[in-house]
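Trainee: Input: one structure, supplied below.
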Number of protein chains: 2
Amino acid sequence: MEAHEFFLQLALILISARILAEFASRLGVPTVIGELMAGIILGPSLLGWLHVTEQLQLMAEIGIILLLFKVGLETDFDHLAHAGRNAIAVALVGFTVPFVLGYATARYLFGFDNMVALMLGGTLTATSIGVTVRILQDVGRQNSMEGQVVLGAAVVDDVLGVILLATLYQITVDGQISVLALARIIAFVGIFFLLAPLLARLLSAGIQRLLGKTTMPGLIPSTIIALVLLFASLANLLGAPELLGGFAAGIALSRRFFLPFGISLAHHSAFAERIDVQTTPIIQLFTPIFFVVVGLSLDLRQVDWGSAFIWIFSLTVLSVAILGKLVGGQAMPNRHPIFRLAVGISMVPRGEVGLIFAELGRAAGVFGPQVYAGLVIVIAYTTLLAPFWIKLFYRRYGHHPSLEEGEEPPPEIPDQGFHPG
Amino acid sequence: MEAHEFFLQLALILISARILAEFASRLGVPTVIGELMAGIILGPSLLGWLHVTEQLQLMAEIGIILLLFKVGLETDFDHLAHAGRNAIAVALVGFTVPFVLGYATARYLFGFDNMVALMLGGTLTATSIGVTVRILQDVGRQNSMEGQVVLGAAVVDDVLGVILLATLYQITVDGQISVLALARIIAFVGIFFLLAPLLARLLSAGIQRLLGKTTMPGLIPSTIIALVLLFASLANLLGAPELLGGFAAGIALSRRFFLPFGISLAHHSAFAERIDVQTTPIIQLFTPIFFVVVGLSLDLRQVDWGSAFIWIFSLTVLSVAILGKLVGGQAMPNRHPIFRLAVGISMVPRGEVGLIFAELGRAAGVFGPQVYAGLVIVIAYTTLLAPFWIKLFYRRYGHHPSLEEGEEPPPEIPDQGFHPG
């Protein structure tokens, strides 16, 4: 691709994302919807001006990794750990139920073969960590207790999703599952989550020492972003999703993270503050690209809107997709039904993670064009509708006492904060 | 390319650039040398870990465009206009003399054919605007009078270079020159320079209005960078070098730029300050990538260091290359010889612009491997040695009265400023 063409595409993405997000904001709609719409409008679904190229995809991936870094940076680790048992339960149930229901629906209701049913079930397990987190930011609930449960559950879901993808991929290629290969992935992901925060904390202590000595400006933007990218690669190397590398780096540099065993590394609040101020513009630049690219990837023209099958199939699968995540939210017997509902709705968006599954299924020849189109509709609906529901939900129940336990206002950094919407 | 591989490459580039720049800074060497060396070490010349890929090239180009944007932002337009006559004279002489001398040397001393001689002359006309500007920043002379002459001359040189490249390219393809096509390029470049600042100013007034109304943060990083990229594409569309699009956008948003005919667009100092603070981390992230990629592009292994021809050829051409630019500096009869020398030395680095010419010559089959290798040596020497000379020059003559007229300290923004080295 010619450089000027790439620059024009980026400019178009940034400007249209901003304009549509501003519109969304005026209409009281979550701003992420504006960015997704920008992608749908510019992409193959409508105007066809832009397509997902390798270069745009890389920019988008930097965007989601940096978004997760920011989320990690703002996460209260104690808070997240406290949400841990709930999050794991929500993730496991919210993963299993859509998988089993999706499999059964495809296999027994629509009569598809085993492989199609497995892949379809897999697609429904996805949770879009990016969209989910962004919606919670949009409604100002990122640091609430239910926000932490959703974040934790989305992280666990992503890890489970990678394991499932690897398994399904193996089945399509080898026709069977290697338990050894799976155990290796699980062990590596475990190692990553144990060691990454320690390593990131060590490296950041080095950066902080250098900061006191250097006379050259620009240390934080280049080294912190390098650190985040390094951890994304490291995550990939160990078989974990790349964006979780960004999240681990963010957690490690967070003001509220302390290493286990009381290992104390000097980490001044002023340093965390500088990291925040100097990385925020970079994060604000890249993240809209991610959401626009998700919109670009949804090709709604592939859908044959006149076919009865598409409507029946997609509405059935959509119901299963929504139901599965709502049931996931019920996996917290200690919580009030309102709290469970908040978590359940927040887990509904499939976004880019669902698209990865659907695309794999299509590329492997498992999904025919009709099934693929139906899944694209399901993914689009869950991604575009859930933010509305969440906004409406909070307008109605935002002050319910069950949602206010553990509530804590997010740190306010005027005009540098991240899209609170 | 796999995303994790790209992230690892970027992390490696950012970290090694920083480490070597810190080393350079401790040794009292311009920090840009550290970044160029990082590229030479990681690249095909030494370790061979990294090569210039399309993706890295795009990141590097964003880096140089943003660097020129920053330069534009910090430029005092009156100051630059005041330097204008000198800058044009320096550019014209510093362009013509290396071209004619290079042509004559290749044609009559080494007996190459006409096309080789033309291309070689063309390669020697280049001035690396990026390296030149960065060195002046490193020695804290960016806003001095001689700094403005160098900047202006480098800009004019870049425009002349594009016109010459287009001409030589036409000759290699069609065997003749179309005067009409050339006139078109020149007219378009003229239109760009007349209209770009006005357009950029109008757009930025719109952004500023929006800033007062929006409730979403992140306006400045996304829209200002989009504006810069848009102007880079626009420059390319009209046949001008892309980086001059970034420069034009920077000039237009500068605190010290006023539109002709007294057209007044509200442009508050506070807005300029916010642009500066919020774009600086992004610029600091991208610019080192550019200089590392310049280092990566220099493949010093291609040189057959045992050949006598290489040594004779490259030393002769190197002398011509240096002499030509020093003569260019003499084109200011109203200036003191010390001032002329300062400008002449600053124009010596060929950097990436020289490499573009050399690469075009090689790709078109005009340069054989020996001539190409010789030119790579010449480009490497001018790029790596000039910063040393400039540093030494200023240590010796920095307080000479001829250099202090029109001197003005650059605006200090603590810890957000750009690599003053």
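Every chain in the structure tokens has a letter given in the order shown (A, B, ...), and although residue numbers restart at 1 in each chain, ligands are simply numbered from 1 in the order shown.
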List every residue of segment 85-280 of chain B that DSSP, applied to the backbone, labels as helix (DSSP H, G or I), and write the result as a ChimeraX atom specification.

Mentor: /B:85-109,114-125,129-138,145-174,179-213,219-237,242-253,260-262,269-280

Trainee: Would you put the residues from that selection into a file with C-alpha atoms, as a compact mmCIF listing (two decimals), in the first residue's frame?

Mentor:
```txt
# COMPACT_ATOMS: atom_id res chain seq x y z
CA ARG B 85 15.78 34.95 0.67
CA ASN B 86 18.87 33.43 2.27
CA ALA B 87 17.21 30.01 2.45
CA ILE B 88 16.25 30.05 -1.23
CA ALA B 89 19.75 31.12 -2.26
CA VAL B 90 21.34 28.40 -0.11
CA ALA B 91 18.95 25.78 -1.45
CA LEU B 92 19.48 26.73 -5.10
CA VAL B 93 23.27 26.86 -4.89
CA GLY B 94 23.46 23.85 -2.55
CA PHE B 95 21.32 21.94 -5.03
CA THR B 96 22.99 22.99 -8.26
CA VAL B 97 26.63 22.68 -7.21
CA PRO B 98 26.46 19.08 -5.94
CA PHE B 99 24.40 18.14 -8.98
CA VAL B 100 26.85 19.64 -11.49
CA LEU B 101 29.96 18.51 -9.61
CA GLY B 102 28.49 15.03 -9.08
CA TYR B 103 27.55 14.77 -12.74
CA ALA B 104 30.98 15.94 -13.90
CA THR B 105 32.84 13.64 -11.50
CA ALA B 106 30.86 10.58 -12.56
CA ARG B 107 30.91 11.43 -16.28
CA TYR B 108 34.43 12.71 -16.82
CA LEU B 109 36.50 11.40 -13.90
CA ASN B 114 25.10 10.00 -19.01
CA MET B 115 22.21 8.44 -17.06
CA VAL B 116 24.45 7.18 -14.24
CA ALA B 117 26.02 10.61 -13.97
CA LEU B 118 22.61 12.33 -13.85
CA MET B 119 21.34 10.00 -11.15
CA LEU B 120 24.52 10.33 -9.12
CA GLY B 121 24.31 14.10 -9.34
CA GLY B 122 20.68 13.85 -8.26
CA THR B 123 21.57 11.73 -5.23
CA LEU B 124 24.06 14.36 -4.09
CA THR B 125 21.50 17.18 -4.23
CA ILE B 129 15.43 17.44 6.39
CA GLY B 130 14.81 15.02 9.28
CA VAL B 131 18.45 14.61 10.31
CA THR B 132 19.22 18.29 9.75
CA VAL B 133 16.33 19.50 11.89
CA ARG B 134 17.02 16.94 14.58
CA ILE B 135 20.68 17.94 14.86
CA LEU B 136 19.71 21.58 15.26
CA GLN B 137 17.32 20.52 18.01
CA ASP B 138 20.07 18.43 19.62
CA MET B 145 18.57 32.57 12.60
CA GLU B 146 20.91 30.06 10.98
CA GLY B 147 18.52 27.29 12.06
CA GLN B 148 15.71 29.03 10.20
CA VAL B 149 17.86 29.43 7.08
CA VAL B 150 18.73 25.72 7.22
CA LEU B 151 15.10 24.73 7.75
CA GLY B 152 13.90 26.92 4.90
CA ALA B 153 16.66 25.70 2.61
CA ALA B 154 15.94 22.06 3.48
CA VAL B 155 12.25 22.59 2.67
CA VAL B 156 13.08 24.19 -0.69
CA ASP B 157 15.64 21.44 -1.31
CA ASP B 158 12.99 18.81 -0.72
CA VAL B 159 10.66 20.43 -3.24
CA LEU B 160 13.48 20.72 -5.79
CA GLY B 161 14.41 17.11 -5.08
CA VAL B 162 10.91 15.89 -5.85
CA ILE B 163 10.89 17.81 -9.12
CA LEU B 164 14.31 16.42 -10.06
CA LEU B 165 13.27 12.89 -9.11
CA ALA B 166 10.16 13.17 -11.26
CA THR B 167 12.30 14.44 -14.14
CA LEU B 168 14.93 11.72 -13.86
CA TYR B 169 12.26 9.08 -13.50
CA GLN B 170 10.62 10.35 -16.68
CA ILE B 171 13.90 10.23 -18.53
CA THR B 172 14.58 6.63 -17.46
CA VAL B 173 11.06 5.62 -18.51
CA ASP B 174 10.34 7.77 -21.59
CA VAL B 179 7.98 20.27 -19.74
CA LEU B 180 4.21 20.27 -19.31
CA ALA B 181 4.29 17.53 -16.68
CA LEU B 182 7.00 19.40 -14.80
CA ALA B 183 5.10 22.67 -14.94
CA ARG B 184 2.09 20.83 -13.54
CA ILE B 185 4.08 19.53 -10.56
CA ILE B 186 5.51 22.96 -9.88
CA ALA B 187 2.08 24.61 -10.10
CA PHE B 188 0.51 22.04 -7.78
CA VAL B 189 3.27 22.36 -5.20
CA GLY B 190 2.76 26.12 -5.34
CA ILE B 191 -0.99 25.74 -4.83
CA PHE B 192 -0.35 23.43 -1.90
CA PHE B 193 1.91 25.93 -0.16
CA LEU B 194 -0.53 28.77 -0.75
CA LEU B 195 -3.69 26.97 0.34
CA ALA B 196 -2.57 24.41 2.90
CA PRO B 197 -1.99 26.81 5.79
CA LEU B 198 -5.33 28.53 5.21
CA LEU B 199 -7.18 25.21 5.06
CA ALA B 200 -5.38 23.83 8.12
CA ARG B 201 -6.17 26.99 10.04
CA LEU B 202 -9.85 26.76 9.12
CA LEU B 203 -10.04 23.11 10.17
CA SER B 204 -8.24 23.78 13.42
CA ALA B 205 -10.67 26.61 14.19
CA GLY B 206 -13.42 24.01 13.80
CA ILE B 207 -11.62 21.61 16.14
CA GLN B 208 -11.18 24.41 18.65
CA ARG B 209 -14.89 25.25 18.57
CA LEU B 210 -15.75 21.60 19.07
CA LEU B 211 -13.33 21.42 22.01
CA GLY B 212 -15.39 24.00 23.86
CA LYS B 213 -18.55 21.96 23.42
CA LEU B 219 -10.47 15.21 20.83
CA ILE B 220 -7.02 16.69 20.29
CA PRO B 221 -4.96 13.52 19.79
CA SER B 222 -7.32 12.01 17.24
CA THR B 223 -8.32 15.09 15.27
CA ILE B 224 -4.94 16.83 15.19
CA ILE B 225 -3.13 13.68 14.10
CA ALA B 226 -5.87 13.07 11.53
CA LEU B 227 -5.35 16.64 10.27
CA VAL B 228 -1.60 16.08 9.93
CA LEU B 229 -2.09 12.78 8.07
CA LEU B 230 -4.69 14.40 5.84
CA PHE B 231 -2.26 17.13 4.89
CA ALA B 232 0.44 14.58 4.20
CA SER B 233 -1.91 12.82 1.75
CA LEU B 234 -2.93 16.14 0.26
CA ALA B 235 0.72 17.08 -0.29
CA ASN B 236 1.29 13.77 -2.03
CA LEU B 237 -1.82 14.25 -4.17
CA GLU B 242 4.39 14.09 2.24
CA LEU B 243 6.45 15.39 5.10
CA LEU B 244 5.89 18.92 3.85
CA GLY B 245 2.18 18.32 4.47
CA GLY B 246 3.02 17.75 8.11
CA PHE B 247 5.18 20.87 8.12
CA ALA B 248 2.41 23.00 6.57
CA ALA B 249 -0.09 21.75 9.18
CA GLY B 250 2.38 22.57 11.95
CA ILE B 251 3.06 26.07 10.60
CA ALA B 252 -0.68 26.73 10.40
CA LEU B 253 -1.28 25.65 14.02
CA PRO B 260 -2.13 36.83 5.06
CA PHE B 261 -4.57 39.66 4.34
CA GLY B 262 -5.17 39.91 8.09
CA SER B 269 -2.58 30.39 23.02
CA ALA B 270 -4.19 27.92 25.45
CA PHE B 271 -5.34 25.83 22.49
CA ALA B 272 -1.84 25.80 21.00
CA GLU B 273 -0.51 24.78 24.41
CA ARG B 274 -2.94 21.88 24.63
CA ILE B 275 -2.06 20.74 21.13
CA ASP B 276 1.58 20.81 22.14
CA VAL B 277 1.12 18.88 25.41
CA GLN B 278 -1.20 16.26 23.95
CA THR B 279 0.60 15.59 20.67
CA THR B 280 4.14 15.55 22.09
```

Trainee: Could you name the residues that touch Tyr397 of chain B at 12 Å or less, counting only C-alpha atoms, but leaving out those on the same chain fewer than 6 positions away, as a PyMOL selection string?

Mentor: chain B and resi 337-339+341-342+389-391+403-404

Trainee: For a quick check of understanding, using only C-alpha atoms, which of B:Ile322, B:Ile289, B:Ala363, B:Ile310 has the smallest distance to chain A?

Mentor: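 Of B:Ile322, B:Ile289, B:Ala363, B:Ile310, the one nearest chain A, counting only C-alpha atoms, is B:Ile289.
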
Trainee: Here is a test: counting only C-alpha atoms, which residue of A:Leu80, A:Val293, A:Leu10, A:Ala364 is nearest to Gly351 of chain A?

Mentor: A:Val293

Trainee: Excluding same-chain residues fewer than 5 positions from Ser319 of chain A, what lies within 10 Å of it counting only C-alpha atoms, as number ranges by chain?

Mentor: A: 102, 314, 324, 378, 382

Trainee: Store the residues of this selection in a file with C-alpha atoms, as a tab-separated table (two decimals), in the first residue's frame.

Mentor:
```tsv
chain	number	residue	atom	x	y	z
A	102	GLY	CA	-25.49	-23.22	20.50
A	314	SER	CA	-30.31	-15.63	13.16
A	324	GLY	CA	-26.54	-17.93	27.43
A	378	VAL	CA	-26.01	-12.25	15.57
A	382	THR	CA	-25.19	-8.40	20.32
```

Trainee: Counting only C-alpha atoms, which of A:Val353, A:Leu27, A:Val303, A:Leu384 gets nearest to Tyr372 of chain A?

Mentor: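 Smallest distance to Tyr372 of chain A is found for A:Val303.
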
Trainee: Nearest to Pro241 of chain A among B:Ile33, B:Leu326, B:Ala3, B:Met216, with distances taken over only C-alpha atoms: which residue is it?

Mentor: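 Using only C-alpha atoms, Pro241 of chain A sits closest to B:Ala3.
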
Trainee: What does the structure give for the distance between atom CA of Pro44 of chain A and atom CA of Leu296 of chain A, in Å to one decimal?

Mentor: 6.8 Å

Trainee: With distances taken over only C-alpha atoms, which of A:Thr127, A:Gly218, A:Ala380, A:Gln330 is nearest to Ile15 of chain B?

Mentor: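 Looking only at the distances to Ile15 of chain B, the closest residue turns out to be A:Gly218.
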
Trainee: Pick from B:Leu285, B:Val32, B:Ile19, B:Leu68: nearest to chain A, with only C-alpha atoms counted?

Mentor: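 Between B:Leu285, B:Val32, B:Ile19, B:Leu68, the residue approaching chain A most closely is B:Leu285.
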
Trainee: I'd like the interatomic distance between atom CA of Arg395 of chain A and atom CA of Gly34 of chain A, to a tenth of an Å.

Mentor: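 Going from atom CA of Arg395 of chain A over to atom CA of Gly34 of chain A, I get 19.6 Å.
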